[in-house]
Each structure stands twice: as structure tokens, then as C-alpha cells.
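Participant: Please find target36.cif (mmCIF, C-alpha atoms, pLDDT in the B column; chains and numbers go by the auth columns) on the next line:
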data_my_file
loop_
_atom_site.group_PDB
_atom_site.id
_atom_site.type_symbol
_atom_site.label_atom_id
_atom_site.label_comp_id
_atom_site.label_asym_id
_atom_site.label_seq_id
_atom_site.Cartn_x
_atom_site.Cartn_y
_atom_site.Cartn_z
_atom_site.B_iso_or_equiv
_atom_site.auth_seq_id
_atom_site.auth_asym_id
ATOM 1 C CA MET A 1 -49.119 -24.140 -35.746 53.00 1 B
ATOM 2 C CA LYS A 2 -50.334 -26.375 -32.934 67.00 2 B
ATOM 3 C CA ASN A 3 -47.604 -28.014 -30.870 80.00 3 B
ATOM 4 C CA ASN A 4 -48.304 -31.752 -30.615 87.00 4 B
ATOM 5 C CA LEU A 5 -45.132 -32.654 -28.743 87.00 5 B
ATOM 6 C CA ARG A 6 -47.188 -33.682 -25.692 90.00 6 B
ATOM 7 C CA ASN A 7 -48.252 -36.601 -27.870 93.00 7 B
ATOM 8 C CA ILE A 8 -44.741 -38.045 -27.403 93.00 8 B
ATOM 9 C CA THR A 9 -45.483 -38.414 -23.684 91.00 9 B
ATOM 10 C CA LYS A 10 -48.907 -39.857 -24.396 94.00 10 B
ATOM 11 C CA ILE A 11 -47.524 -42.408 -26.854 94.00 11 B
ATOM 12 C CA SER A 12 -44.802 -43.339 -24.367 90.00 12 B
ATOM 13 C CA ARG A 13 -47.400 -43.933 -21.643 89.00 13 B
ATOM 14 C CA VAL A 14 -49.431 -46.176 -23.935 92.00 14 B
ATOM 15 C CA ALA A 15 -46.243 -48.057 -24.881 89.00 15 B
ATOM 16 C CA GLU A 16 -45.544 -48.588 -21.161 83.00 16 B
ATOM 17 C CA MET A 17 -49.090 -49.845 -20.653 85.00 17 B
ATOM 18 C CA TYR A 18 -48.720 -52.226 -23.593 87.00 18 B
ATOM 19 C CA THR A 19 -45.378 -53.514 -22.332 82.00 19 B
ATOM 20 C CA THR A 20 -46.753 -53.952 -18.811 78.00 20 B
ATOM 21 C CA TYR A 21 -49.786 -55.766 -20.225 83.00 21 B
ATOM 22 C CA ARG A 22 -47.626 -58.074 -22.342 82.00 22 B
ATOM 23 C CA LEU A 23 -45.306 -58.767 -19.413 74.00 23 B
ATOM 24 C CA LYS A 24 -48.106 -58.981 -16.844 71.00 24 B
ATOM 25 C CA ASP A 25 -46.828 -62.318 -15.591 66.00 25 B
ATOM 26 C CA SER A 26 -43.650 -60.558 -14.438 66.00 26 B
ATOM 27 C CA ALA A 27 -45.710 -58.744 -11.758 67.00 27 B
ATOM 28 C CA PHE A 28 -43.742 -55.461 -11.927 79.00 28 B
ATOM 29 C CA ASN A 29 -45.434 -52.083 -12.051 77.00 29 B
ATOM 30 C CA ASN A 30 -44.149 -49.047 -13.961 75.00 30 B
ATOM 31 C CA THR A 31 -42.203 -47.635 -10.993 85.00 31 B
ATOM 32 C CA GLU A 32 -40.506 -50.985 -10.481 87.00 32 B
ATOM 33 C CA ILE A 33 -39.667 -51.208 -14.177 82.00 33 B
ATOM 34 C CA THR A 34 -38.140 -47.721 -13.951 85.00 34 B
ATOM 35 C CA ALA A 35 -36.170 -48.809 -10.863 92.00 35 B
ATOM 36 C CA LEU A 36 -34.812 -51.822 -12.761 90.00 36 B
ATOM 37 C CA HIS A 37 -33.745 -49.478 -15.558 88.00 37 B
ATOM 38 C CA VAL A 38 -31.947 -47.226 -13.045 93.00 38 B
ATOM 39 C CA ILE A 39 -30.182 -50.232 -11.500 96.00 39 B
ATOM 40 C CA ARG A 40 -29.025 -51.463 -14.908 93.00 40 B
ATOM 41 C CA HIS A 41 -27.561 -48.057 -15.720 92.00 41 B
ATOM 42 C CA ASN A 42 -26.104 -47.390 -12.252 96.00 42 B
ATOM 43 C CA LYS A 43 -24.370 -50.598 -11.257 96.00 43 B
ATOM 44 C CA GLY A 44 -23.437 -50.455 -7.582 97.00 44 B
ATOM 45 C CA ILE A 45 -26.091 -47.897 -6.648 97.00 45 B
ATOM 46 C CA ASN A 46 -27.322 -48.055 -3.075 96.00 46 B
ATOM 47 C CA ALA A 47 -30.875 -47.759 -1.744 96.00 47 B
ATOM 48 C CA GLU A 48 -30.455 -44.051 -0.981 96.00 48 B
ATOM 49 C CA GLY A 49 -29.278 -43.346 -4.521 96.00 49 B
ATOM 50 C CA LEU A 50 -32.210 -45.300 -5.949 96.00 50 B
ATOM 51 C CA LYS A 51 -34.617 -43.392 -3.700 95.00 51 B
ATOM 52 C CA ASN A 52 -33.205 -40.074 -4.898 94.00 52 B
ATOM 53 C CA LYS A 53 -33.357 -40.990 -8.586 92.00 53 B
ATOM 54 C CA LEU A 54 -36.937 -42.274 -8.352 93.00 54 B
ATOM 55 C CA PHE A 55 -38.263 -39.628 -5.939 91.00 55 B
ATOM 56 C CA ILE A 56 -39.960 -42.251 -3.786 94.00 56 B
ATOM 57 C CA ASP A 57 -39.753 -43.042 -0.079 94.00 57 B
ATOM 58 C CA LYS A 58 -37.220 -45.308 1.575 94.00 58 B
ATOM 59 C CA SER A 59 -39.719 -48.029 2.518 96.00 59 B
ATOM 60 C CA ALA A 60 -40.920 -48.349 -1.088 95.00 60 B
ATOM 61 C CA VAL A 61 -37.307 -48.750 -2.228 97.00 61 B
ATOM 62 C CA ALA A 62 -36.696 -51.398 0.442 96.00 62 B
ATOM 63 C CA ARG A 63 -39.748 -53.383 -0.706 96.00 63 B
ATOM 64 C CA MET A 64 -38.652 -53.159 -4.342 96.00 64 B
ATOM 65 C CA ILE A 65 -35.103 -54.251 -3.576 97.00 65 B
ATOM 66 C CA GLU A 66 -36.415 -57.246 -1.637 96.00 66 B
ATOM 67 C CA LYS A 67 -38.752 -58.157 -4.502 94.00 67 B
ATOM 68 C CA PHE A 68 -35.992 -57.821 -7.111 94.00 68 B
ATOM 69 C CA GLU A 69 -33.555 -59.878 -5.041 96.00 69 B
ATOM 70 C CA THR A 70 -36.139 -62.619 -4.461 94.00 70 B
ATOM 71 C CA SER A 71 -36.824 -62.638 -8.223 91.00 71 B
ATOM 72 C CA GLY A 72 -33.116 -63.050 -8.954 93.00 72 B
ATOM 73 C CA LEU A 73 -32.863 -59.750 -10.845 93.00 73 B
ATOM 74 C CA ILE A 74 -30.329 -58.101 -8.541 96.00 74 B
ATOM 75 C CA LEU A 75 -27.521 -58.945 -6.146 96.00 75 B
ATOM 76 C CA ARG A 76 -26.721 -56.940 -3.041 97.00 76 B
ATOM 77 C CA LYS A 77 -23.091 -56.691 -2.002 96.00 77 B
ATOM 78 C CA THR A 78 -21.550 -55.049 1.032 95.00 78 B
ATOM 79 C CA ASP A 79 -19.707 -51.831 0.252 92.00 79 B
ATOM 80 C CA GLU A 80 -16.020 -52.356 1.038 93.00 80 B
ATOM 81 C CA ASN A 81 -15.703 -48.681 2.081 91.00 81 B
ATOM 82 C CA ASP A 82 -18.731 -48.754 4.396 92.00 82 B
ATOM 83 C CA LYS A 83 -19.788 -52.168 5.693 92.00 83 B
ATOM 84 C CA ARG A 84 -23.236 -50.783 6.653 91.00 84 B
ATOM 85 C CA ASN A 85 -23.973 -49.930 3.026 93.00 85 B
ATOM 86 C CA LYS A 86 -25.320 -52.459 0.512 96.00 86 B
ATOM 87 C CA LEU A 87 -24.644 -51.918 -3.177 97.00 87 B
ATOM 88 C CA ILE A 88 -27.092 -53.144 -5.817 97.00 88 B
ATOM 89 C CA PHE A 89 -25.979 -54.888 -8.994 97.00 89 B
ATOM 90 C CA PRO A 90 -28.036 -56.242 -11.903 95.00 90 B
ATOM 91 C CA THR A 91 -27.878 -59.956 -12.672 94.00 91 B
ATOM 92 C CA GLU A 92 -27.855 -61.609 -16.074 91.00 92 B
ATOM 93 C CA LYS A 93 -31.535 -62.389 -15.498 90.00 93 B
ATOM 94 C CA LEU A 94 -32.237 -58.641 -15.337 88.00 94 B
ATOM 95 C CA GLY A 95 -30.439 -58.208 -18.658 83.00 95 B
ATOM 96 C CA ASN A 96 -32.705 -60.857 -20.176 81.00 96 B
ATOM 97 C CA TYR A 97 -35.781 -59.192 -18.674 78.00 97 B
ATOM 98 C CA LYS A 98 -34.720 -55.877 -20.242 76.00 98 B
ATOM 99 C CA LEU A 99 -34.466 -57.571 -23.649 71.00 99 B
ATOM 100 C CA SER A 100 -38.018 -58.892 -23.372 78.00 100 B
ATOM 101 C CA MET A 101 -39.262 -55.393 -22.460 76.00 101 B
ATOM 102 C CA VAL A 102 -37.446 -53.897 -25.450 81.00 102 B
ATOM 103 C CA ASP A 103 -38.928 -56.561 -27.729 83.00 103 B
ATOM 104 C CA GLU A 104 -42.449 -55.724 -26.537 84.00 104 B
ATOM 105 C CA GLU A 105 -41.882 -51.989 -26.960 87.00 105 B
ATOM 106 C CA GLN A 106 -40.497 -52.522 -30.448 91.00 106 B
ATOM 107 C CA GLU A 107 -43.515 -54.628 -31.396 93.00 107 B
ATOM 108 C CA PHE A 108 -45.792 -51.793 -30.260 94.00 108 B
ATOM 109 C CA TYR A 109 -43.867 -49.093 -32.151 95.00 109 B
ATOM 110 C CA ASP A 110 -43.617 -51.249 -35.284 95.00 110 B
ATOM 111 C CA TYR A 111 -47.399 -51.581 -35.208 96.00 111 B
ATOM 112 C CA LEU A 112 -47.829 -47.808 -34.881 96.00 112 B
ATOM 113 C CA ILE A 113 -45.595 -46.923 -37.820 96.00 113 B
ATOM 114 C CA LYS A 114 -46.456 -49.730 -40.220 96.00 114 B
ATOM 115 C CA ASP A 115 -48.724 -47.487 -42.329 97.00 115 B
ATOM 116 C CA VAL A 116 -46.469 -44.408 -42.288 97.00 116 B
ATOM 117 C CA PRO A 117 -44.767 -43.836 -45.647 97.00 117 B
ATOM 118 C CA GLU A 118 -41.004 -44.428 -45.409 96.00 118 B
ATOM 119 C CA LYS A 119 -40.141 -40.914 -46.605 97.00 119 B
ATOM 120 C CA ASP A 120 -42.356 -39.341 -43.914 97.00 120 B
ATOM 121 C CA PHE A 121 -40.943 -41.614 -41.254 96.00 121 B
ATOM 122 C CA GLU A 122 -37.354 -40.696 -42.171 96.00 122 B
ATOM 123 C CA VAL A 123 -38.116 -36.989 -41.641 96.00 123 B
ATOM 124 C CA PHE A 124 -39.995 -37.696 -38.414 95.00 124 B
ATOM 125 C CA SER A 125 -37.182 -39.917 -37.157 95.00 125 B
ATOM 126 C CA ALA A 126 -34.524 -37.273 -37.859 96.00 126 B
ATOM 127 C CA VAL A 127 -36.493 -34.577 -36.014 95.00 127 B
ATOM 128 C CA LEU A 128 -37.204 -36.937 -33.122 94.00 128 B
ATOM 129 C CA GLU A 129 -33.488 -37.728 -32.828 96.00 129 B
ATOM 130 C CA MET A 130 -32.654 -34.001 -32.649 96.00 130 B
ATOM 131 C CA ILE A 131 -35.233 -33.493 -29.895 94.00 131 B
ATOM 132 C CA TYR A 132 -33.960 -36.542 -28.010 94.00 132 B
ATOM 133 C CA ILE A 133 -30.336 -35.380 -28.127 96.00 133 B
ATOM 134 C CA LYS A 134 -31.323 -31.941 -26.837 95.00 134 B
ATOM 135 C CA SER A 135 -33.428 -33.439 -24.028 93.00 135 B
ATOM 136 C CA LYS A 136 -30.593 -35.722 -22.985 92.00 136 B
ATOM 137 C CA ALA A 137 -28.166 -32.798 -22.928 93.00 137 B
ATOM 138 C CA GLU A 138 -30.567 -30.791 -20.738 93.00 138 B
ATOM 139 C CA ARG A 139 -30.935 -33.696 -18.324 87.00 139 B
ATOM 140 C CA LYS A 140 -27.152 -33.946 -18.009 89.00 140 B
ATOM 141 C CA ASN A 141 -27.035 -30.164 -17.466 89.00 141 B
ATOM 142 C CA LYS A 142 -29.656 -30.540 -14.698 86.00 142 B
ATOM 143 C CA PHE A 143 -32.169 -28.597 -16.825 89.00 143 B
ATOM 144 C CA LYS A 144 -30.372 -25.295 -16.284 91.00 144 B
ATOM 145 C CA GLY A 145 -31.138 -24.113 -19.853 87.00 145 B
ATOM 146 C CA ILE A 146 -34.921 -24.413 -19.466 89.00 146 B
ATOM 147 C CA GLY A 147 -37.038 -21.560 -18.167 79.00 147 B
ATOM 148 C CA GLN A 148 -34.200 -19.043 -18.230 66.00 148 B
#
Could you render the structure from this file as C-alpha cells?
Facilitator:
Amino acid sequence: MKNNLRNITKISRVAEMYTTYRLKDSAFNNTEITALHVIRHNKGINAEGLKNKLFIDKSAVARMIEKFETSGLILRKTDENDKRNKLIFPTEKLGNYKLSMVDEEQEFYDYLIKDVPEKDFEVFSAVLEMIYIKSKAERKNKFKGIGQ
């Protein structure tokens, strides 16, 4: 049987393109959208932590942080333990931006599944959930179970 799991990645990329297209007035690229996601889930992260999670260079992170702060999506606060360090926090505006992204993604996925019979979708959804849970566990385990 042919393994079509790579199609999950392909569908995800198209969903990102659709979301970016629909939110084109926001002027954020995919890396910036990923950075905003990381900031939302890691309140108080610093620039170094963001750089390490995104695997991008320090200057790119600095430009993004400046752009996000100017847009009102983040606040930078001085770290009480190290006054040289600035911590990054999401604002309410970032929370609202996330909701609009989720709405656009949902619209795209709803369009894709509208012709799939409910019974088939229930099976697909259950299998997808199992795969997702396993992938999340591997990420938390730093992928030590893969390629052994």
C-alpha cells in the first residue's frame, strides 16, 4: 500500500498559503507567523530562545521583534534577573490575530472536507488524531524514538 502521509505536509503548506493570502494585509510571512505562534506559547521568551526555536539568525529575530512591537502584537519587558535581557510577551492584539488565522484555516479545511462522507471523515479524523498524539509525544521526547 502506498504511503500518502506526505500529503499531510502538502495540505498544511497549502493551508498556510491560503491563510497568508487571506491575511495578506497583515504583511507577515510564514516564518513571522510561526514566530508569533512560538511567542504565544512561550510567554516571556527572549530573543535567543526565539532564535533557537525557529533556527534562524539573530538579526532576523531582531527585525521580527521590532516589527511585532511596532504592530502592537508583543510587549518587551526587562528581565528582573538580568537587566540586559528583554522578555517577549504577547498582547491581546496578538490573541485576536491568532483567532483570525484560525478562522481562515478552518474555512480552508471546511472547504476541503465538505464532500467527504461523514462516516469516512470520522475514521480519518480518529486516525489523524492518533498520528498527531504520537508526533507530539515524539517532539516532547526530542525525537529520540525515531530512527533507532
Participant: If we count only C-alpha atoms, what is near segment 76-85 of chain B at a cut-off of 10 Å, once residues fewer than 2 positions away on the same chain are taken out, given as a PyMOL selection string?
Facilitator: chain B and resi 44-48+65-66+69+74+87-90
Participant: How many Å separate atom CA of Ile33 of chain B from atom CA of Leu99 of chain B?
Facilitator: 12.5 Å
Participant: Quick one, how far is atom CA of Ser12 of chain B from atom CA of Asn52 of chain B?
Facilitator: 22.9 Å
Participant: Please provide the set of residues having any atom within 12 Å of Thr31 of chain B, restricted to only C-alpha atoms, with same-chain residues fewer than 3 positions apart removed, written as a ChimeraX atom specification.
Facilitator: /B:16,20,27-28,34-38,50-51,53-56,60-61,64
Participant: In Å, with one decimal, what is the gap from atom CA of Ile8 of chain B to atom CA of Glu107 of chain B?
Facilitator: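 We find that atom CA of Ile8 of chain B and atom CA of Glu107 of chain B lie 17.1 Å from each other.
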Participant: Considering only C-alpha atoms, can you say which of B:Lys10, B:Lys67, B:Arg22, B:Met17 comes closest to Ser100 of chain B?
Facilitator: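 Of the candidates, the smallest distance to Ser100 of chain B is held by B:Arg22.
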